[in-house]
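The next block is entry_9.json, given as JSON, C-alpha atoms.
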[["chain", "number", "residue", "atom", "x", "y", "z"],
["A", 1, "MET", "CA", 17.11, 22.44, -5.30],
["A", 2, "ASP", "CA", 13.58, 23.84, -5.38],
["A", 3, "ASP", "CA", 13.43, 26.72, -2.89],
["A", 4, "PHE", "CA", 9.81, 26.05, -1.94],
["A", 5, "ALA", "CA", 10.34, 22.34, -1.26],
["A", 6, "LYS", "CA", 13.44, 23.12, 0.83],
["A", 7, "LYS", "CA", 11.59, 25.64, 2.99],
["A", 8, "LEU", "CA", 8.61, 23.33, 3.38],
["A", 9, "GLY", "CA", 10.91, 20.46, 4.40],
["A", 10, "LYS", "CA", 12.66, 22.63, 6.96],
["A", 11, "ASN", "CA", 9.31, 23.74, 8.43],
["A", 12, "ILE", "CA", 8.21, 20.11, 8.75],
["A", 13, "LYS", "CA", 11.46, 19.13, 10.46],
["A", 14, "MET", "CA", 11.28, 22.08, 12.86],
["A", 15, "MET", "CA", 7.67, 21.20, 13.78],
["A", 16, "ARG", "CA", 8.58, 17.51, 14.23],
["A", 17, "VAL", "CA", 11.45, 18.47, 16.55],
["A", 18, "PHE", "CA", 9.18, 20.93, 18.38],
["A", 19, "LYS", "CA", 6.70, 18.10, 18.96],
["A", 20, "ASP", "CA", 9.54, 15.80, 20.15],
["A", 21, "GLN", "CA", 8.79, 13.23, 17.45],
["A", 22, "SER", "CA", 11.40, 11.10, 15.75],
["A", 23, "GLN", "CA", 11.14, 10.47, 12.00],
["A", 24, "ALA", "CA", 10.18, 6.89, 12.86],
["A", 25, "GLU", "CA", 7.28, 8.12, 15.01],
["A", 26, "LEU", "CA", 6.13, 10.56, 12.34],
["A", 27, "SER", "CA", 6.37, 7.77, 9.78],
["A", 28, "PHE", "CA", 4.23, 5.50, 11.95],
["A", 29, "LYS", "CA", 1.65, 8.21, 12.74],
["A", 30, "SER", "CA", 1.38, 9.56, 9.19],
["A", 31, "GLY", "CA", 1.51, 6.20, 7.46],
["A", 32, "LEU", "CA", 4.25, 7.56, 5.22],
["A", 33, "ASP", "CA", 7.52, 5.78, 4.56],
["A", 34, "GLN", "CA", 10.42, 7.07, 6.70],
["A", 35, "SER", "CA", 12.79, 7.36, 3.73],
["A", 36, "TYR", "CA", 10.11, 9.41, 1.93],
["A", 37, "LEU", "CA", 9.80, 11.69, 4.99],
["A", 38, "SER", "CA", 13.55, 12.10, 5.05],
["A", 39, "ARG", "CA", 13.51, 13.27, 1.42],
["A", 40, "VAL", "CA", 10.56, 15.60, 2.18],
["A", 41, "GLU", "CA", 12.49, 17.17, 5.07],
["A", 42, "LYS", "CA", 15.54, 17.61, 2.80],
["A", 43, "GLY", "CA", 13.31, 19.27, 0.19],
["A", 44, "THR", "CA", 14.22, 16.80, -2.54],
["A", 45, "VAL", "CA", 10.62, 15.82, -3.29],
["A", 46, "ASN", "CA", 7.51, 17.88, -4.06],
["A", 47, "VAL", "CA", 5.07, 16.51, -1.50],
["A", 48, "THR", "CA", 1.41, 16.19, -2.51],
["A", 49, "VAL", "CA", -1.30, 18.06, -0.63],
["A", 50, "ILE", "CA", -2.87, 14.85, 0.65],
["A", 51, "LYS", "CA", 0.46, 13.66, 2.08],
["A", 52, "LEU", "CA", 1.10, 17.04, 3.68],
["A", 53, "CYS", "CA", -2.34, 16.76, 5.31],
["A", 54, "ALA", "CA", -1.30, 13.36, 6.73],
["A", 55, "ILE", "CA", 1.95, 14.90, 8.06],
["A", 56, "ALA", "CA", 0.09, 17.87, 9.60],
["A", 57, "LYS", "CA", -2.43, 15.53, 11.20],
["A", 58, "ALA", "CA", 0.38, 13.33, 12.59],
["A", 59, "LEU", "CA", 2.15, 16.40, 13.99],
["A", 60, "GLU", "CA", -1.16, 17.69, 15.38],
["A", 61, "CYS", "CA", -0.73, 21.07, 13.73],
["A", 62, "GLU", "CA", -2.46, 23.07, 11.01],
["A", 63, "LEU", "CA", -1.27, 22.50, 7.45],
["A", 64, "THR", "CA", -0.80, 26.26, 7.11],
["A", 65, "GLU", "CA", 1.77, 26.21, 9.93],
["A", 66, "LEU", "CA", 4.01, 24.14, 7.67],
["A", 67, "LEU", "CA", 3.66, 26.24, 4.52],
["A", 68, "PRO", "CA", 6.41, 28.66, 3.56],
["A", 69, "GLU", "CA", 5.32, 32.22, 2.80],
["A", 70, "ILE", "CA", 3.88, 32.14, -0.77],
["A", 71, "ASP", "CA", 4.95, 35.63, -1.85],
["A", 72, "LYS", "CA", 8.55, 35.40, -0.76],
["A", 73, "THR", "CA", 8.91, 32.11, -2.59],
["A", 74, "SER", "CA", 10.76, 32.84, -5.80],
["A", 75, "ALA", "CA", 10.54, 29.50, -7.61],
["A", 76, "LEU", "CA", 6.80, 28.96, -7.91],
["B", 1, "MET", "CA", -11.68, 8.00, -6.80],
["B", 2, "ASP", "CA", -9.72, 9.49, -3.94],
["B", 3, "ASP", "CA", -12.20, 11.41, -1.79],
["B", 4, "PHE", "CA", -9.70, 14.09, -0.78],
["B", 5, "ALA", "CA", -8.58, 14.82, -4.35],
["B", 6, "LYS", "CA", -12.21, 14.99, -5.51],
["B", 7, "LYS", "CA", -13.15, 17.50, -2.81],
["B", 8, "LEU", "CA", -10.03, 19.56, -3.44],
["B", 9, "GLY", "CA", -10.77, 19.62, -7.18],
["B", 10, "LYS", "CA", -14.33, 20.72, -6.58],
["B", 11, "ASN", "CA", -13.17, 23.52, -4.27],
["B", 12, "ILE", "CA", -10.72, 24.73, -6.92],
["B", 13, "LYS", "CA", -13.40, 24.71, -9.62],
["B", 14, "MET", "CA", -15.89, 26.55, -7.38],
["B", 15, "MET", "CA", -13.28, 29.22, -6.57],
["B", 16, "ARG", "CA", -12.33, 29.56, -10.25],
["B", 17, "VAL", "CA", -15.99, 30.03, -11.19],
["B", 18, "PHE", "CA", -16.44, 32.46, -8.29],
["B", 19, "LYS", "CA", -13.51, 34.47, -9.63],
["B", 20, "ASP", "CA", -15.00, 34.37, -13.17],
["B", 21, "GLN", "CA", -11.89, 32.70, -14.58],
["B", 22, "SER", "CA", -11.91, 30.16, -17.39],
["B", 23, "GLN", "CA", -9.62, 27.13, -17.18],
["B", 24, "ALA", "CA", -7.55, 28.73, -19.94],
["B", 25, "GLU", "CA", -7.10, 31.91, -17.86],
["B", 26, "LEU", "CA", -6.20, 29.90, -14.75],
["B", 27, "SER", "CA", -3.76, 27.87, -16.85],
["B", 28, "PHE", "CA", -2.12, 31.05, -18.13],
["B", 29, "LYS", "CA", -1.98, 32.72, -14.69],
["B", 30, "SER", "CA", -0.77, 29.65, -12.81],
["B", 31, "GLY", "CA", 1.64, 28.46, -15.48],
["B", 32, "LEU", "CA", 0.06, 25.02, -15.25],
["B", 33, "ASP", "CA", -1.10, 23.03, -18.24],
["B", 34, "GLN", "CA", -4.87, 23.30, -18.88],
["B", 35, "SER", "CA", -5.30, 19.54, -19.27],
["B", 36, "TYR", "CA", -3.53, 19.10, -15.92],
["B", 37, "LEU", "CA", -5.90, 21.64, -14.32],
["B", 38, "SER", "CA", -8.85, 19.78, -15.77],
["B", 39, "ARG", "CA", -7.66, 16.55, -14.13],
["B", 40, "VAL", "CA", -7.04, 18.41, -10.84],
["B", 41, "GLU", "CA", -10.62, 19.77, -10.90],
["B", 42, "LYS", "CA", -11.95, 16.25, -11.60],
["B", 43, "GLY", "CA", -9.92, 14.93, -8.67],
["B", 44, "THR", "CA", -8.03, 12.40, -10.77],
["B", 45, "VAL", "CA", -4.57, 13.63, -9.77],
["B", 46, "ASN", "CA", -2.97, 14.27, -6.37],
["B", 47, "VAL", "CA", -1.74, 17.84, -6.80],
["B", 48, "THR", "CA", 1.54, 18.82, -5.15],
["B", 49, "VAL", "CA", 1.67, 21.59, -2.56],
["B", 50, "ILE", "CA", 3.79, 23.81, -4.79],
["B", 51, "LYS", "CA", 1.27, 23.53, -7.66],
["B", 52, "LEU", "CA", -1.63, 24.23, -5.31],
["B", 53, "CYS", "CA", 0.21, 27.35, -4.17],
["B", 54, "ALA", "CA", 0.47, 28.43, -7.83],
["B", 55, "ILE", "CA", -3.27, 27.80, -8.27],
["B", 56, "ALA", "CA", -4.14, 29.72, -5.09],
["B", 57, "LYS", "CA", -1.92, 32.60, -6.16],
["B", 58, "ALA", "CA", -3.52, 32.66, -9.64],
["B", 59, "LEU", "CA", -7.00, 32.65, -8.07],
["B", 60, "GLU", "CA", -5.91, 35.35, -5.61],
["B", 61, "CYS", "CA", -7.11, 33.35, -2.63],
["B", 62, "GLU", "CA", -5.55, 31.65, 0.37],
["B", 63, "LEU", "CA", -4.43, 28.05, -0.09],
["B", 64, "THR", "CA", -6.48, 27.12, 2.98],
["B", 65, "GLU", "CA", -9.66, 28.29, 1.23],
["B", 66, "LEU", "CA", -9.16, 25.45, -1.24],
["B", 67, "LEU", "CA", -8.45, 22.68, 1.25],
["B", 68, "PRO", "CA", -11.18, 20.22, 2.16],
["B", 69, "GLU", "CA", -11.80, 19.71, 5.88],
["B", 70, "ILE", "CA", -9.03, 17.36, 7.11],
["B", 71, "ASP", "CA", -11.03, 15.52, 9.76],
["B", 72, "LYS", "CA", -14.04, 14.73, 7.66],
["B", 73, "THR", "CA", -11.78, 13.31, 4.95],
["B", 74, "SER", "CA", -11.96, 9.56, 5.17],
["B", 75, "ALA", "CA", -9.29, 8.43, 2.74],
["B", 76, "LEU", "CA", -6.14, 10.15, 4.03]]

Could you quickly redo this structure as structure tokens?
Amino acid sequence: MDDFAKKLGKNIKMMRVFKDQSQAELSFKSGLDQSYLSRVEKGTVNVTVIKLCAIAKALECELTELLPEIDKTSAL
Amino acid sequence: MDDFAKKLGKNIKMMRVFKDQSQAELSFKSGLDQSYLSRVEKGTVNVTVIKLCAIAKALECELTELLPEIDKTSAL
């Protein structure tokens, strides 16, 4: 599994939980399919920038808050 | 053409020019195919977060410096 995608997915899930949103709510707010979000959170898809912007907007946080550290990411 | 992808592509090209890098150099440094980079700069592809991180790293800039303003982006 791609290290970067896994870390990004975990950050998204942690932020969603922090904001007390269910996946269904995040799906509704972001306009993204819930099954897609589930795969993003598991790190099994490489999310596009535009979709990550929609997720950040729906979670009312900065996109950078969701990004894993670039340097410590091995598989880039 | 997707407004967000076009703005992102323009930001990447402006940064590349600012850093005096050719597309070939950016391709070599980022490990991304030059024809792919050309499409990214034209805004005809939705780049993934992990590839944008590789581009930012190759341009020695922050990923956020490349992102278009989220709010003013109509087509999200």

Enumerate as number ranges by chain the residues belonging to chain B that approach chain A to within 12 Å, with all atoms listed in the file taken into account. B: 2-9, 29-32, 40, 43, 45-58, 60-71, 73-76

If you measure from atom CA of Leu37 of chain A to atom CA of Thr44 of chain B, what distance in Å do you get, rounded to one decimal?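 So the two atoms, atom CA of Leu37 of chain A and atom CA of Thr44 of chain B, lie 23.8 Å apart.
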
Using Å and a single decimal, report how far atom CA of Phe18 of chain B sits from atom CA of Asp33 of chain B.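 For atom CA of Asp33 of chain B relative to atom CA of Phe18 of chain B, the distance reads 20.6 Å.
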
Enclose the full set of atoms of segment 5-21 of chain A listed in the file within a box whose edges lie along x, y and z, apply 5 Å of padding to each of the six sides, and report centre and edge lengths in Å to one decimal as AutoDock Vina command-line options.
--center_x 10.1 --center_y 19.4 --center_z 9.4 --size_x 16.7 --size_y 22.4 --size_z 31.4

Would you work out the distance separating atom CA of Lys42 of chain B from atom CA of Asp20 of chain B, expressed in Å to one decimal? 18.4 Å

I need chain A from the structure I supplied, saved as a tab-separated table (two decimals), in the first residue's frame with C-alpha atoms retained.
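The resulting file, selection_19.tsv, is shown below:
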chain	number	residue	atom	x	y	z
A	1	MET	CA	0.00	0.00	0.00
A	2	ASP	CA	1.30	3.46	-0.88
A	3	ASP	CA	2.65	5.02	2.32
A	4	PHE	CA	1.64	8.56	1.33
A	5	ALA	CA	-1.96	7.62	0.48
A	6	LYS	CA	-2.29	5.68	3.74
A	7	LYS	CA	-1.07	8.61	5.84
A	8	LEU	CA	-3.28	11.05	3.93
A	9	GLY	CA	-6.30	8.78	4.43
A	10	LYS	CA	-5.62	8.50	8.14
A	11	ASN	CA	-5.31	12.30	8.46
A	12	ILE	CA	-8.66	12.74	6.68
A	13	LYS	CA	-10.36	10.20	8.94
A	14	MET	CA	-8.90	11.78	12.09
A	15	MET	CA	-10.08	15.24	10.99
A	16	ARG	CA	-13.55	13.88	10.11
A	17	VAL	CA	-13.82	12.27	13.55
A	18	PHE	CA	-12.51	15.46	15.18
A	19	LYS	CA	-15.26	17.41	13.40
A	20	ASP	CA	-17.87	14.81	14.51
A	21	GLN	CA	-18.85	14.06	10.91
A	22	SER	CA	-19.93	10.66	9.66
A	23	GLN	CA	-18.70	9.44	6.26
A	24	ALA	CA	-22.26	9.96	5.01
A	25	GLU	CA	-22.17	13.61	6.11
A	26	LEU	CA	-18.75	14.16	4.56
A	27	SER	CA	-20.00	12.51	1.38
A	28	PHE	CA	-23.00	14.83	1.27
A	29	LYS	CA	-20.97	17.97	2.04
A	30	SER	CA	-18.10	17.20	-0.32
A	31	GLY	CA	-20.23	15.84	-3.13
A	32	LEU	CA	-17.99	12.77	-3.24
A	33	ASP	CA	-19.28	9.22	-3.23
A	34	GLN	CA	-19.18	7.57	0.22
A	35	SER	CA	-17.53	4.40	-1.07
A	36	TYR	CA	-14.85	6.58	-2.70
A	37	LEU	CA	-14.30	8.38	0.62
A	38	SER	CA	-13.99	5.04	2.36
A	39	ARG	CA	-11.23	4.00	-0.06
A	40	VAL	CA	-9.52	7.40	0.38
A	41	GLU	CA	-9.53	6.96	4.17
A	42	LYS	CA	-8.08	3.44	3.77
A	43	GLY	CA	-5.38	4.86	1.49
A	44	THR	CA	-6.25	2.59	-1.41
A	45	VAL	CA	-6.74	5.44	-3.90
A	46	ASN	CA	-4.53	8.39	-4.87
A	47	VAL	CA	-6.93	11.28	-4.40
A	48	THR	CA	-6.71	14.21	-6.83
A	49	VAL	CA	-5.93	17.71	-5.58
A	50	ILE	CA	-9.36	19.01	-6.59
A	51	LYS	CA	-11.11	16.25	-4.62
A	52	LEU	CA	-8.90	16.87	-1.60
A	53	CYS	CA	-9.89	20.55	-1.79
A	54	ALA	CA	-13.57	19.47	-1.72
A	55	ILE	CA	-12.86	17.26	1.33
A	56	ALA	CA	-10.97	20.06	3.12
A	57	LYS	CA	-13.77	22.51	2.37
A	58	ALA	CA	-16.39	20.03	3.65
A	59	LEU	CA	-14.36	19.48	6.84
A	60	GLU	CA	-13.87	23.24	7.18
A	61	CYS	CA	-10.11	22.89	7.50
A	62	GLU	CA	-7.04	23.87	5.50
A	63	LEU	CA	-5.86	21.40	2.86
A	64	THR	CA	-2.40	21.54	4.43
A	65	GLU	CA	-3.80	20.20	7.71
A	66	LEU	CA	-4.56	16.95	5.89
A	67	LEU	CA	-1.22	16.53	4.13
A	68	PRO	CA	1.34	14.11	5.52
A	69	GLU	CA	4.84	15.50	6.03
A	70	ILE	CA	6.48	15.53	2.55
A	71	ASP	CA	10.06	14.81	3.63
A	72	LYS	CA	9.32	11.86	5.86
A	73	THR	CA	7.28	10.27	3.09
A	74	SER	CA	9.44	7.56	1.58
A	75	ALA	CA	7.36	6.50	-1.43
A	76	LEU	CA	7.06	9.71	-3.41
